[in-house]
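Printed here is entry.cif (mmCIF, C-alpha atoms and all ligand atoms):
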```
data_input
#
loop_
_atom_site.label_atom_id
_atom_site.label_comp_id
_atom_site.auth_asym_id
_atom_site.auth_seq_id
_atom_site.Cartn_x
_atom_site.Cartn_y
_atom_site.Cartn_z
CA MET A 124 -26.18 -94.72 -23.08
CA LYS A 125 -28.23 -96.42 -20.36
CA THR A 126 -30.31 -93.94 -18.38
CA LEU A 127 -32.07 -93.92 -15.01
CA GLU A 128 -35.13 -95.35 -16.78
CA ASN A 129 -33.10 -98.55 -17.32
CA LEU A 130 -32.00 -98.90 -13.69
CA ASN A 131 -33.94 -100.50 -10.85
CA VAL A 132 -33.08 -98.47 -7.73
CA GLN A 133 -35.94 -99.31 -5.32
CA GLY A 134 -34.39 -100.29 -1.97
CA LYS A 135 -30.89 -100.22 -3.53
CA ARG A 136 -27.75 -98.40 -2.48
CA VAL A 137 -26.80 -96.32 -5.49
CA LEU A 138 -23.26 -95.02 -5.87
CA VAL A 139 -23.40 -91.75 -7.79
CA ARG A 140 -20.29 -90.12 -9.29
CA VAL A 141 -20.92 -86.37 -9.33
CA ASP A 142 -18.62 -83.49 -10.21
CA TYR A 143 -18.41 -81.40 -7.05
CA ASN A 144 -15.01 -79.97 -7.96
CA LEU A 145 -16.15 -76.55 -6.74
CA PRO A 146 -14.11 -73.39 -6.25
CA ILE A 147 -13.48 -73.10 -2.48
CA LYS A 148 -11.79 -70.12 -0.82
CA ASP A 149 -10.94 -70.08 2.91
CA GLY A 150 -13.26 -73.03 3.44
CA VAL A 151 -16.20 -71.32 1.73
CA VAL A 152 -17.75 -72.64 -1.50
CA GLN A 153 -17.70 -69.84 -4.12
CA ASP A 154 -20.02 -71.29 -6.77
CA THR A 155 -22.69 -73.95 -6.35
CA THR A 156 -23.61 -74.46 -10.03
CA ARG A 157 -22.31 -78.02 -10.14
CA VAL A 158 -24.23 -79.08 -7.03
CA GLU A 159 -27.42 -77.58 -8.47
CA ALA A 160 -26.79 -79.41 -11.74
CA SER A 161 -26.75 -82.75 -9.89
CA LEU A 162 -30.05 -82.24 -8.04
CA PRO A 163 -32.46 -83.66 -10.67
CA THR A 164 -30.64 -87.01 -10.58
CA LEU A 165 -30.48 -87.05 -6.78
CA HIS A 166 -34.19 -86.25 -6.42
CA LYS A 167 -35.14 -88.90 -8.94
CA LEU A 168 -33.07 -91.59 -7.18
CA LEU A 169 -34.41 -90.65 -3.74
CA GLU A 170 -38.00 -90.59 -4.98
CA GLY A 171 -37.36 -93.99 -6.56
CA GLY A 172 -36.51 -95.43 -3.13
CA ALA A 173 -32.69 -95.46 -3.31
CA ALA A 174 -30.08 -94.73 -0.66
CA VAL A 175 -27.62 -92.38 -2.38
CA ILE A 176 -23.84 -92.50 -1.88
CA LEU A 177 -22.05 -89.63 -3.61
CA MET A 178 -18.47 -89.70 -4.88
CA SER A 179 -16.51 -86.75 -6.28
CA HIS A 180 -13.00 -85.46 -6.69
CA LEU A 181 -11.85 -81.98 -5.64
CA GLY A 182 -8.71 -80.40 -7.02
CA ARG A 183 -5.54 -82.39 -7.59
CA PRO A 184 -4.30 -83.93 -4.33
CA LYS A 185 -1.11 -85.88 -4.90
CA ASN A 186 -0.27 -87.42 -1.52
CA GLY A 187 -3.31 -89.13 -0.05
CA ILE A 188 -5.42 -87.14 2.39
CA GLU A 189 -4.73 -83.39 2.32
CA ASP A 190 -7.02 -81.21 4.41
CA LYS A 191 -7.33 -78.45 1.82
CA PHE A 192 -8.85 -80.94 -0.64
CA ARG A 193 -11.47 -82.34 1.74
CA LEU A 194 -15.12 -82.26 0.66
CA ALA A 195 -16.26 -81.10 4.13
CA PRO A 196 -17.27 -77.55 3.00
CA ILE A 197 -19.49 -79.06 0.30
CA ALA A 198 -21.69 -81.15 2.63
CA PRO A 199 -23.61 -78.19 4.15
CA VAL A 200 -24.06 -76.63 0.69
CA LEU A 201 -25.56 -79.87 -0.58
CA GLU A 202 -27.77 -80.22 2.52
CA LYS A 203 -29.20 -76.78 1.93
CA LEU A 204 -29.82 -77.20 -1.79
CA LEU A 205 -31.18 -80.73 -1.46
CA GLY A 206 -33.24 -79.91 1.63
CA LYS A 207 -32.07 -83.08 3.40
CA PRO A 208 -29.38 -84.10 5.89
CA VAL A 209 -26.19 -85.40 4.26
CA ARG A 210 -23.91 -87.87 6.02
CA TYR A 211 -20.37 -86.71 5.24
CA VAL A 212 -17.90 -89.61 5.62
CA ALA A 213 -14.42 -88.19 6.22
CA SER A 214 -12.41 -91.43 5.94
CA SER A 215 -10.70 -92.46 2.72
CA PRO A 216 -13.44 -93.64 0.30
CA ALA A 217 -12.32 -97.26 -0.12
CA SER A 218 -11.38 -97.82 3.54
CA ASN A 219 -13.11 -100.22 5.94
CA GLU A 220 -14.12 -97.21 8.07
CA THR A 221 -16.10 -95.82 5.15
CA ALA A 222 -17.88 -99.12 4.55
CA ALA A 223 -18.73 -99.28 8.27
CA ALA A 224 -19.98 -95.68 8.31
CA LEU A 225 -22.40 -96.51 5.48
CA ALA A 226 -23.64 -99.81 6.90
CA ASP A 227 -26.93 -98.42 8.24
CA LEU A 228 -27.69 -95.94 5.40
CA LYS A 229 -31.38 -96.33 4.54
CA PRO A 230 -33.45 -95.66 1.41
CA GLY A 231 -34.12 -91.94 1.15
CA GLU A 232 -30.83 -91.07 2.89
CA VAL A 233 -27.75 -89.45 1.38
CA ALA A 234 -24.04 -89.84 2.12
CA LEU A 235 -21.12 -87.88 0.70
CA LEU A 236 -17.80 -89.71 0.50
CA GLU A 237 -14.43 -88.01 0.91
CA ASN A 238 -12.39 -86.92 -2.16
CA VAL A 239 -11.94 -89.99 -4.40
CA ARG A 240 -8.50 -88.69 -5.43
CA PHE A 241 -7.28 -89.40 -1.88
CA GLU A 242 -7.13 -93.00 -3.18
CA ALA A 243 -3.85 -93.53 -5.05
CA GLY A 244 -5.47 -95.81 -7.65
CA GLU A 245 -8.25 -93.39 -8.67
CA GLU A 246 -6.54 -91.65 -11.58
CA LYS A 247 -4.89 -94.91 -12.70
CA ASN A 248 -8.30 -96.56 -12.98
CA ASP A 249 -6.92 -99.25 -10.68
CA ARG A 250 -9.10 -102.35 -10.96
CA ALA A 251 -8.79 -103.35 -7.30
CA LEU A 252 -9.86 -99.84 -6.21
CA SER A 253 -12.82 -99.87 -8.63
CA GLU A 254 -13.93 -103.21 -7.21
CA LYS A 255 -13.61 -101.99 -3.60
CA LEU A 256 -15.62 -98.85 -4.34
CA SER A 257 -18.25 -100.90 -6.15
CA LYS A 258 -18.82 -102.95 -2.96
CA LEU A 259 -20.24 -99.81 -1.32
CA GLY A 260 -23.29 -99.92 -3.63
CA ASP A 261 -25.70 -102.14 -5.55
CA ALA A 262 -25.81 -99.90 -8.64
CA PHE A 263 -23.76 -97.08 -10.17
CA VAL A 264 -24.84 -93.81 -11.76
CA LEU A 265 -22.43 -91.50 -13.57
CA ASP A 266 -23.64 -87.90 -13.47
CA ALA A 267 -20.24 -86.15 -13.49
CA PHE A 268 -20.19 -84.85 -17.04
CA GLY A 269 -17.21 -82.64 -16.13
CA SER A 270 -15.18 -85.80 -15.40
CA ALA A 271 -16.65 -88.09 -18.07
CA HIS A 272 -13.53 -87.71 -20.26
CA ARG A 273 -11.41 -89.31 -17.52
CA ALA A 274 -10.92 -93.07 -17.39
CA HIS A 275 -10.72 -93.07 -13.58
CA SER A 276 -11.94 -95.68 -11.07
CA SER A 277 -14.90 -93.67 -9.78
CA VAL A 278 -15.89 -92.54 -13.30
CA SER A 279 -15.62 -95.61 -15.50
CA GLY A 280 -13.91 -98.38 -13.49
CA VAL A 281 -16.77 -98.97 -11.04
CA ALA A 282 -19.21 -99.47 -13.93
CA GLU A 283 -17.52 -102.81 -14.71
CA PHE A 284 -18.71 -104.23 -11.41
CA LEU A 285 -22.26 -102.86 -11.05
CA PRO A 286 -25.45 -102.35 -13.05
CA SER A 287 -24.83 -98.80 -14.31
CA ALA A 288 -26.50 -95.85 -16.00
CA GLY A 289 -25.90 -92.22 -16.89
CA GLY A 290 -27.70 -89.64 -14.73
CA ILE A 291 -29.96 -86.84 -15.93
CA LEU A 292 -27.15 -84.26 -16.21
CA LEU A 293 -24.95 -86.62 -18.23
CA GLU A 294 -27.87 -87.39 -20.52
CA GLN A 295 -28.68 -83.70 -21.05
CA GLU A 296 -25.06 -82.75 -21.74
CA VAL A 297 -24.48 -85.55 -24.23
CA LYS A 298 -27.70 -84.64 -26.03
CA ALA A 299 -27.03 -80.88 -26.07
CA LEU A 300 -23.45 -81.22 -27.30
CA GLY A 301 -24.45 -83.97 -29.70
CA GLN A 302 -26.52 -81.37 -31.56
CA LEU A 303 -23.26 -79.56 -32.39
CA ILE A 304 -21.87 -82.70 -34.01
CA ALA A 305 -24.80 -84.33 -35.79
CA ASN A 306 -26.24 -82.01 -38.46
CA PRO A 307 -25.94 -78.59 -36.79
CA ASN A 308 -28.07 -75.96 -38.50
CA ALA A 309 -26.05 -73.59 -40.69
CA PRO A 310 -24.62 -71.03 -40.45
CA TYR A 311 -22.52 -72.68 -37.73
CA VAL A 312 -20.07 -70.35 -35.98
CA VAL A 313 -17.51 -71.42 -33.40
CA ILE A 314 -15.66 -68.99 -31.14
CA ILE A 315 -12.43 -70.30 -29.65
CA GLY A 316 -10.22 -68.44 -27.20
CA GLY A 317 -7.85 -69.14 -24.35
CA ALA A 318 -4.13 -69.14 -23.93
CA LYS A 319 -2.71 -71.74 -26.28
CA VAL A 320 -3.30 -73.22 -29.73
CA SER A 321 -1.76 -76.50 -28.57
CA ASP A 322 -4.50 -77.06 -25.95
CA LYS A 323 -7.30 -76.77 -28.50
CA LEU A 324 -5.67 -77.76 -31.78
CA LYS A 325 -7.56 -81.05 -32.05
CA VAL A 326 -10.95 -79.43 -31.58
CA ILE A 327 -10.02 -76.64 -34.03
CA GLU A 328 -8.97 -79.20 -36.64
CA ASN A 329 -12.06 -81.34 -36.13
CA LEU A 330 -14.49 -78.42 -36.29
CA LEU A 331 -13.02 -76.34 -39.14
CA PRO A 332 -14.39 -78.60 -41.92
CA LYS A 333 -17.86 -78.52 -40.28
CA VAL A 334 -18.29 -74.83 -39.45
CA ASP A 335 -19.02 -71.79 -41.60
CA LYS A 336 -16.85 -69.50 -39.51
CA MET A 337 -14.37 -69.84 -36.67
CA LEU A 338 -13.57 -66.75 -34.64
CA ILE A 339 -10.20 -67.14 -32.92
CA GLY A 340 -9.42 -64.80 -30.02
CA GLY A 341 -7.38 -64.91 -26.83
CA GLY A 342 -3.68 -65.67 -26.61
CA MET A 343 -3.90 -68.34 -29.30
CA ALA A 344 -4.66 -65.75 -31.99
CA TYR A 345 -1.07 -64.41 -31.87
CA THR A 346 0.38 -67.70 -33.09
CA PHE A 347 -1.79 -67.38 -36.23
CA VAL A 348 -0.85 -63.71 -36.69
CA LYS A 349 2.86 -64.42 -36.24
CA ALA A 350 2.60 -67.32 -38.72
CA GLN A 351 1.32 -64.79 -41.30
CA GLY A 352 4.38 -62.61 -40.70
CA GLY A 353 2.75 -60.18 -38.27
CA LYS A 354 4.68 -58.40 -35.48
CA ILE A 355 3.13 -59.49 -32.18
CA GLY A 356 5.47 -57.82 -29.66
CA LYS A 357 5.69 -59.73 -26.39
CA SER A 358 2.34 -61.50 -26.88
CA ILE A 359 1.98 -65.14 -25.90
CA HIS A 360 2.54 -67.51 -28.84
CA GLU A 361 3.83 -70.99 -29.65
CA ASP A 362 6.63 -71.14 -32.24
CA ASP A 363 6.19 -74.93 -32.54
CA PHE A 364 2.73 -74.38 -33.98
CA LEU A 365 3.49 -71.72 -36.61
CA THR A 366 3.62 -74.26 -39.45
CA LYS A 367 0.38 -75.88 -38.32
CA ALA A 368 -1.28 -72.45 -38.05
CA LEU A 369 -0.17 -71.58 -41.60
CA GLU A 370 -1.49 -74.91 -42.89
CA LEU A 371 -4.90 -74.26 -41.29
CA LEU A 372 -4.97 -70.73 -42.73
CA ALA A 373 -4.10 -72.07 -46.19
CA THR A 374 -6.87 -74.68 -46.10
CA TYR A 375 -9.59 -72.84 -44.19
CA GLY A 376 -8.53 -69.19 -44.44
CA SER A 377 -11.93 -68.05 -45.66
CA LYS A 378 -13.57 -69.42 -42.51
CA ILE A 379 -11.06 -68.19 -39.93
CA VAL A 380 -11.66 -64.75 -38.42
CA LEU A 381 -8.74 -63.30 -36.42
CA PRO A 382 -8.77 -60.10 -34.36
CA THR A 383 -7.52 -57.18 -36.48
CA ASP A 384 -6.79 -54.97 -33.48
CA THR A 385 -5.54 -55.73 -29.99
CA LEU A 386 -5.71 -54.07 -26.59
CA CYS A 387 -2.10 -54.20 -25.39
CA GLY A 388 -0.55 -53.74 -21.98
CA ASP A 389 2.98 -52.72 -20.97
CA ALA A 390 2.87 -55.34 -18.18
CA PHE A 391 0.93 -58.53 -17.41
CA SER A 392 -1.18 -56.73 -14.83
CA ASN A 393 -4.58 -55.17 -14.31
CA GLU A 394 -2.79 -51.87 -13.69
CA ALA A 395 -0.83 -51.97 -16.97
CA ASN A 396 -0.84 -48.91 -19.24
CA THR A 397 -2.99 -49.82 -22.22
CA SER A 398 -3.07 -48.94 -25.92
CA VAL A 399 -4.74 -50.37 -29.02
CA HIS A 400 -2.66 -51.55 -32.00
CA PRO A 401 -3.23 -53.55 -35.18
CA THR A 402 -2.76 -57.20 -34.18
CA ASN A 403 -0.01 -57.58 -36.79
CA ALA A 404 1.88 -54.43 -35.71
CA ILE A 405 2.22 -54.67 -31.94
CA PRO A 406 5.22 -52.66 -30.64
CA ASP A 407 8.12 -54.81 -29.39
CA ASP A 408 7.71 -53.82 -25.74
CA LEU A 409 3.94 -54.46 -25.50
CA GLU A 410 1.85 -57.56 -24.99
CA GLY A 411 -1.54 -58.36 -26.54
CA MET A 412 -3.99 -58.85 -23.68
CA ASP A 413 -7.46 -58.65 -25.27
CA ILE A 414 -9.15 -58.24 -28.64
CA GLY A 415 -9.51 -54.56 -29.58
CA PRO A 416 -12.69 -52.51 -30.12
CA ASP A 417 -12.83 -53.07 -33.92
CA SER A 418 -12.50 -56.83 -33.39
CA GLN A 419 -15.29 -56.77 -30.80
CA VAL A 420 -17.57 -55.25 -33.42
CA ALA A 421 -16.35 -57.64 -36.15
CA PHE A 422 -16.81 -60.73 -33.94
CA ALA A 423 -20.34 -59.62 -32.97
CA ALA A 424 -21.15 -58.99 -36.65
CA ALA A 425 -19.84 -62.43 -37.63
CA LEU A 426 -22.35 -63.98 -35.21
CA VAL A 427 -25.39 -62.24 -36.67
CA GLY A 428 -27.60 -64.72 -38.51
CA ALA A 429 -25.84 -67.77 -37.05
CA LYS A 430 -28.15 -70.69 -36.37
CA THR A 431 -25.66 -72.71 -34.29
CA VAL A 432 -22.89 -71.29 -32.09
CA PHE A 433 -20.35 -72.92 -29.77
CA TRP A 434 -18.05 -70.81 -27.58
CA ASN A 435 -15.06 -71.98 -25.54
CA GLY A 436 -12.32 -69.81 -24.08
CA PRO A 437 -11.88 -66.13 -23.19
CA MET A 438 -10.88 -63.46 -25.73
CA GLY A 439 -8.20 -62.05 -23.44
CA VAL A 440 -6.78 -62.10 -19.93
CA PHE A 441 -10.29 -61.57 -18.62
CA GLU A 442 -9.30 -62.27 -15.00
CA PHE A 443 -8.03 -58.64 -15.09
CA PRO A 444 -11.07 -56.35 -15.49
CA THR A 445 -8.93 -54.02 -17.65
CA PHE A 446 -8.73 -56.80 -20.23
CA ALA A 447 -12.18 -58.37 -19.88
CA SER A 448 -14.17 -56.26 -22.32
CA GLY A 449 -13.51 -58.45 -25.39
CA THR A 450 -14.76 -61.54 -23.54
CA ASN A 451 -17.76 -59.62 -22.21
CA ALA A 452 -18.55 -58.32 -25.70
CA VAL A 453 -18.67 -61.88 -27.02
CA ALA A 454 -20.91 -62.92 -24.10
CA ASN A 455 -23.29 -60.04 -24.88
CA ALA A 456 -23.32 -60.71 -28.63
CA LEU A 457 -24.10 -64.36 -28.00
CA ALA A 458 -26.93 -63.55 -25.60
CA LYS A 459 -28.51 -61.22 -28.19
CA LEU A 460 -28.78 -63.84 -30.93
CA GLU A 461 -32.33 -64.84 -31.71
CA GLY A 462 -33.37 -68.18 -33.14
CA ALA A 463 -29.90 -69.65 -32.71
CA TYR A 464 -28.86 -72.76 -30.83
CA THR A 465 -26.07 -71.46 -28.56
CA VAL A 466 -23.75 -73.55 -26.41
CA VAL A 467 -21.05 -72.32 -24.04
CA GLY A 468 -18.48 -74.68 -22.50
CA GLY A 469 -15.39 -74.13 -20.39
CA GLY A 470 -15.02 -72.47 -16.99
CA ASP A 471 -13.90 -69.01 -18.19
CA SER A 472 -16.51 -68.52 -20.89
CA VAL A 473 -19.23 -69.86 -18.58
CA SER A 474 -18.20 -67.47 -15.83
CA ALA A 475 -18.22 -64.55 -18.35
CA ILE A 476 -21.77 -65.48 -19.39
CA ASN A 477 -22.86 -65.81 -15.78
CA LYS A 478 -21.32 -62.43 -14.89
CA SER A 479 -23.07 -60.81 -17.84
CA GLY A 480 -26.36 -61.80 -16.16
CA GLN A 481 -27.59 -63.32 -19.44
CA ALA A 482 -27.06 -67.03 -18.85
CA ASP A 483 -30.79 -67.61 -19.40
CA LYS A 484 -30.42 -66.43 -23.02
CA ILE A 485 -28.01 -69.29 -23.83
CA SER A 486 -29.49 -72.58 -25.06
CA HIS A 487 -27.03 -74.77 -23.15
CA ILE A 488 -24.28 -73.98 -20.67
CA SER A 489 -22.06 -77.00 -20.28
CA THR A 490 -20.73 -78.06 -16.89
CA GLY A 491 -17.70 -79.67 -18.57
CA GLY A 492 -14.90 -77.73 -20.26
CA GLY A 493 -12.49 -80.55 -21.09
CA ALA A 494 -15.29 -83.07 -21.57
CA SER A 495 -17.19 -80.82 -24.00
CA LEU A 496 -14.01 -80.19 -26.02
CA GLU A 497 -13.24 -83.90 -26.21
CA LEU A 498 -16.77 -84.63 -27.45
CA LEU A 499 -16.32 -81.96 -30.13
CA GLU A 500 -12.96 -83.44 -31.05
CA GLY A 501 -15.02 -86.48 -32.02
CA LEU A 502 -13.74 -88.64 -29.16
CA GLU A 503 -15.79 -91.10 -27.14
CA LEU A 504 -15.80 -90.21 -23.44
CA PRO A 505 -14.66 -93.15 -21.26
CA GLY A 506 -17.37 -92.43 -18.69
CA VAL A 507 -20.13 -92.45 -21.29
CA VAL A 508 -18.77 -95.63 -22.86
CA ALA A 509 -18.72 -97.29 -19.42
CA VAL A 510 -22.44 -96.66 -18.82
CA SER A 511 -23.47 -97.56 -22.37
P1 LIG A 601 -8.08 -71.84 -21.55
O1 LIG A 601 -8.12 -72.53 -20.22
O2 LIG A 601 -7.24 -72.54 -22.57
O3 LIG A 601 -9.46 -71.48 -22.05
O4 LIG A 601 -7.30 -70.49 -21.31
C1 LIG A 601 -7.79 -69.53 -20.43
C2 LIG A 601 -6.68 -68.61 -20.05
O5 LIG A 601 -6.18 -67.97 -21.22
C3 LIG A 601 -7.15 -67.51 -19.14
O6 LIG A 601 -6.53 -67.70 -17.89
C4 LIG A 601 -6.68 -66.24 -19.81
O7 LIG A 601 -6.09 -65.32 -18.92
C5 LIG A 601 -5.65 -66.73 -20.81
N1 LIG A 601 -5.49 -65.79 -21.93
C6 LIG A 601 -6.43 -65.36 -22.77
N2 LIG A 601 -5.93 -64.44 -23.60
C7 LIG A 601 -4.63 -64.26 -23.28
C8 LIG A 601 -3.58 -63.42 -23.77
N3 LIG A 601 -3.81 -62.56 -24.75
N4 LIG A 601 -2.38 -63.52 -23.18
C9 LIG A 601 -2.17 -64.38 -22.16
N5 LIG A 601 -3.11 -65.19 -21.66
C10 LIG A 601 -4.34 -65.14 -22.21
#
```

I need this file expressed as structure tokens, please.
Amino acid sequence: MKTLENLNVQGKRVLVRVDYNLPIKDGVVQDTTRVEASLPTLHKLLEGGAAVILMSHLGRPKNGIEDKFRLAPIAPVLEKLLGKPVRYVASSPASNETAAALADLKPGEVALLENVRFEAGEEKNDRALSEKLSKLGDAFVLDAFGSAHRAHSSVSGVAEFLPSAGGILLEQEVKALGQLIANPNAPYVVIIGGAKVSDKLKVIENLLPKVDKMLIGGGMAYTFVKAQGGKIGKSIHEDDFLTKALELLATYGSKIVLPTDTLCGDAFSNEANTSVHPTNAIPDDLEGMDIGPDSQVAFAAALVGAKTVFWNGPMGVFEFPTFASGTNAVANALAKLEGAYTVVGGGDSVSAINKSGQADKISHISTGGGASLELLEGLELPGVVAVS
């Protein structure tokens, strides 16, 4: 990958693709982690004498400009964190108005373009759009690790038309996650959770041969338990993946650790009545919502002595505090490990670690859920390829 060291930015207009897809509620930004993560690259470019033009997506607009997906609430957050005025350009990114609004941007100044997904060609990696966007700058920097697995115009397309490099965040992420792929120190333990096996099957299949243990929690565990003939009540599961789950258990059974007990609810609600049952004997009218207390202890014990750990996905429906304790237990167990290289990726697991107040005990917290999983699947990320 080319880095900022390979890019001459003095006096240049540098287009920077960042990932400012922040949670926004009633016009107020709820979490600024991704803006903070972009600051080292922005400071380096500004100190190097560049004018910086930022591009990002926000949410999934489908019909051009939609007010609720505007980047306007992000501009003041960025101004505060960067300590500099930011010129927010509210017109569509590839429009003539945008080009005109940037005409007098000088070295040391920063502009924030409107949501790149307001352009219909963005997600199609439309060549004409990529070329138009590229005309706004003299060089391109990709620092949006969270979007690097997307072959979109502002992520990879623009790189065809401009001298390009990966930013500091992209470089750090690729290096940190690369350590999980190239010769990770053993014992290597992976914790996978979340709703569905189907979403993470590829990463499970790619990692199982490489790891010493894989702890599987969350909704996806019930597909494995049902495949073994267990009674899972009303718990979420995927019948189409029972055969696959059995195959994985037959080949890698000694590595796979499933929850032996489950905290069940009588409704999908924080106010549900709860009870603990063996994961393979859940009553017909109940639903598995979190790993149970024995499994919390077993999962923590399975981590002891690990030298490399990767965690993606919650152990239960952790959005409901009643069913968050399994996920929190994993966060705490991970934070306690000493001498281990620990990596957490994916919005839910990252937010559990942040809430536990122990983020500083984790070796690397990834800003990209999907992107980190694709790297661990063994795939090349289109964004990284484009700046390589
Ligand atoms: P993912 O994005 O694949 O990591 O999945 C995260 C989602 O999985 C969260 O919204 C959780 O509420 C959900 N989830 C985790 N465990 C369960 C479960 N036992 N039943 C239903 N949903 C679950």

Surrounding residues as number ranges by chain, ligand LIG 601 (chain A), max 10 Å, only C-alpha atoms and all ligand atoms: A: 315-323, 340-345, 357-360, 385-388, 391, 410-414, 435-443, 446-447, 449-450, 468-472, 492-493

Per-residue nearest contacts range 197-285 of chain A to range 135-140 of chain A, cut-off 8 Å, using all atoms listed in the file, as a Markdown table:
```
| residue | atom | partner | partner_atom | distance |
| --- | --- | --- | --- | --- |
| A:Pro230 | CA | A:Lys135 | CA | 7.2 |
| A:Ser257 | CA | A:Leu138 | CA | 7.7 |
| A:Leu259 | CA | A:Leu138 | CA | 7.3 |
| A:Gly260 | CA | A:Arg136 | CA | 4.9 |
| A:Asp261 | CA | A:Arg136 | CA | 5.3 |
| A:Ala262 | CA | A:Val137 | CA | 4.9 |
| A:Phe263 | CA | A:Leu138 | CA | 4.8 |
| A:Val264 | CA | A:Val139 | CA | 4.7 |
| A:Leu265 | CA | A:Arg140 | CA | 5.0 |
| A:Asp266 | CA | A:Arg140 | CA | 5.8 |
| A:Ala267 | CA | A:Arg140 | CA | 5.8 |
| A:Ser277 | CA | A:Arg140 | CA | 6.5 |
| A:Val278 | CA | A:Arg140 | CA | 6.4 |
```

Could you give me, as JSON lines, every range 218-301 of chain A residue with an atom at most 10 Å from range 475-490 of chain A, plus its closest atom pair and distance in Å to one decimal, counting all atoms listed in the file, rows ordered by chain then number?
```
{"residue": "A:Ala267", "atom": "CA", "partner": "A:Thr490", "partner_atom": "CA", "distance": 8.8}
{"residue": "A:Phe268", "atom": "CA", "partner": "A:Thr490", "partner_atom": "CA", "distance": 6.8}
{"residue": "A:Gly269", "atom": "CA", "partner": "A:Thr490", "partner_atom": "CA", "distance": 5.8}
{"residue": "A:Ser270", "atom": "CA", "partner": "A:Thr490", "partner_atom": "CA", "distance": 9.6}
{"residue": "A:Leu292", "atom": "CA", "partner": "A:Thr490", "partner_atom": "CA", "distance": 9.0}
{"residue": "A:Leu293", "atom": "CA", "partner": "A:Thr490", "partner_atom": "CA", "distance": 9.6}
{"residue": "A:Gln295", "atom": "CA", "partner": "A:His487", "partner_atom": "CA", "distance": 9.3}
{"residue": "A:Glu296", "atom": "CA", "partner": "A:Ser489", "partner_atom": "CA", "distance": 6.6}
{"residue": "A:Val297", "atom": "CA", "partner": "A:Ser489", "partner_atom": "CA", "distance": 9.7}
{"residue": "A:Ala299", "atom": "CA", "partner": "A:His487", "partner_atom": "CA", "distance": 6.8}
{"residue": "A:Leu300", "atom": "CA", "partner": "A:Ser489", "partner_atom": "CA", "distance": 8.3}
```

Top pick for closest residue to Leu225 in chain A, considering A:Phe192, A:Tyr211, A:Phe284, A:Phe433 and counting all atoms listed in the file: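 Smallest separation from Leu225 in chain A among the options: A:Tyr211.
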
For Ala217 in chain A, the nearest of the candidates A:Glu202, A:Val281, A:Val175, A:His400, counting all atoms listed in the file: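 Using all atoms listed in the file, the shortest distance to Ala217 in chain A belongs to A:Val281.
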
A:Lys367, A:Lys203, A:Lys247, A:Lys430 ranked by distance to Ala309 in chain A, top pick (using all atoms listed in the file):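 Using all atoms listed in the file, Ala309 in chain A sits closest to A:Lys430.
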
Expected residue set, 7 Å radius at (-13.1, -88.0, -18.8), all atoms listed in the file, as a list of chain:residue names: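 Residues lying no farther than 7 Å from the given point: A:Ser270, A:Ala271, A:His272, A:Arg273, A:Ala274, A:Ala494, A:Leu504, A:Pro505, A:Gly506.
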
Long-range neighbours of Gly280 in chain A as a list in words, 6 Å cut-off, only C-alpha atoms, 3 positions minimum in chain: Asn248, Ser253, Ser276 and Glu283 of chain A

Long-range neighbours of Ala305 in chain A as number ranges by chain, 12 Å cut-off, all atoms listed in the file, 3 positions minimum in chain: A: 297-302, 308-309, 330, 333, 431, 498-499, 501
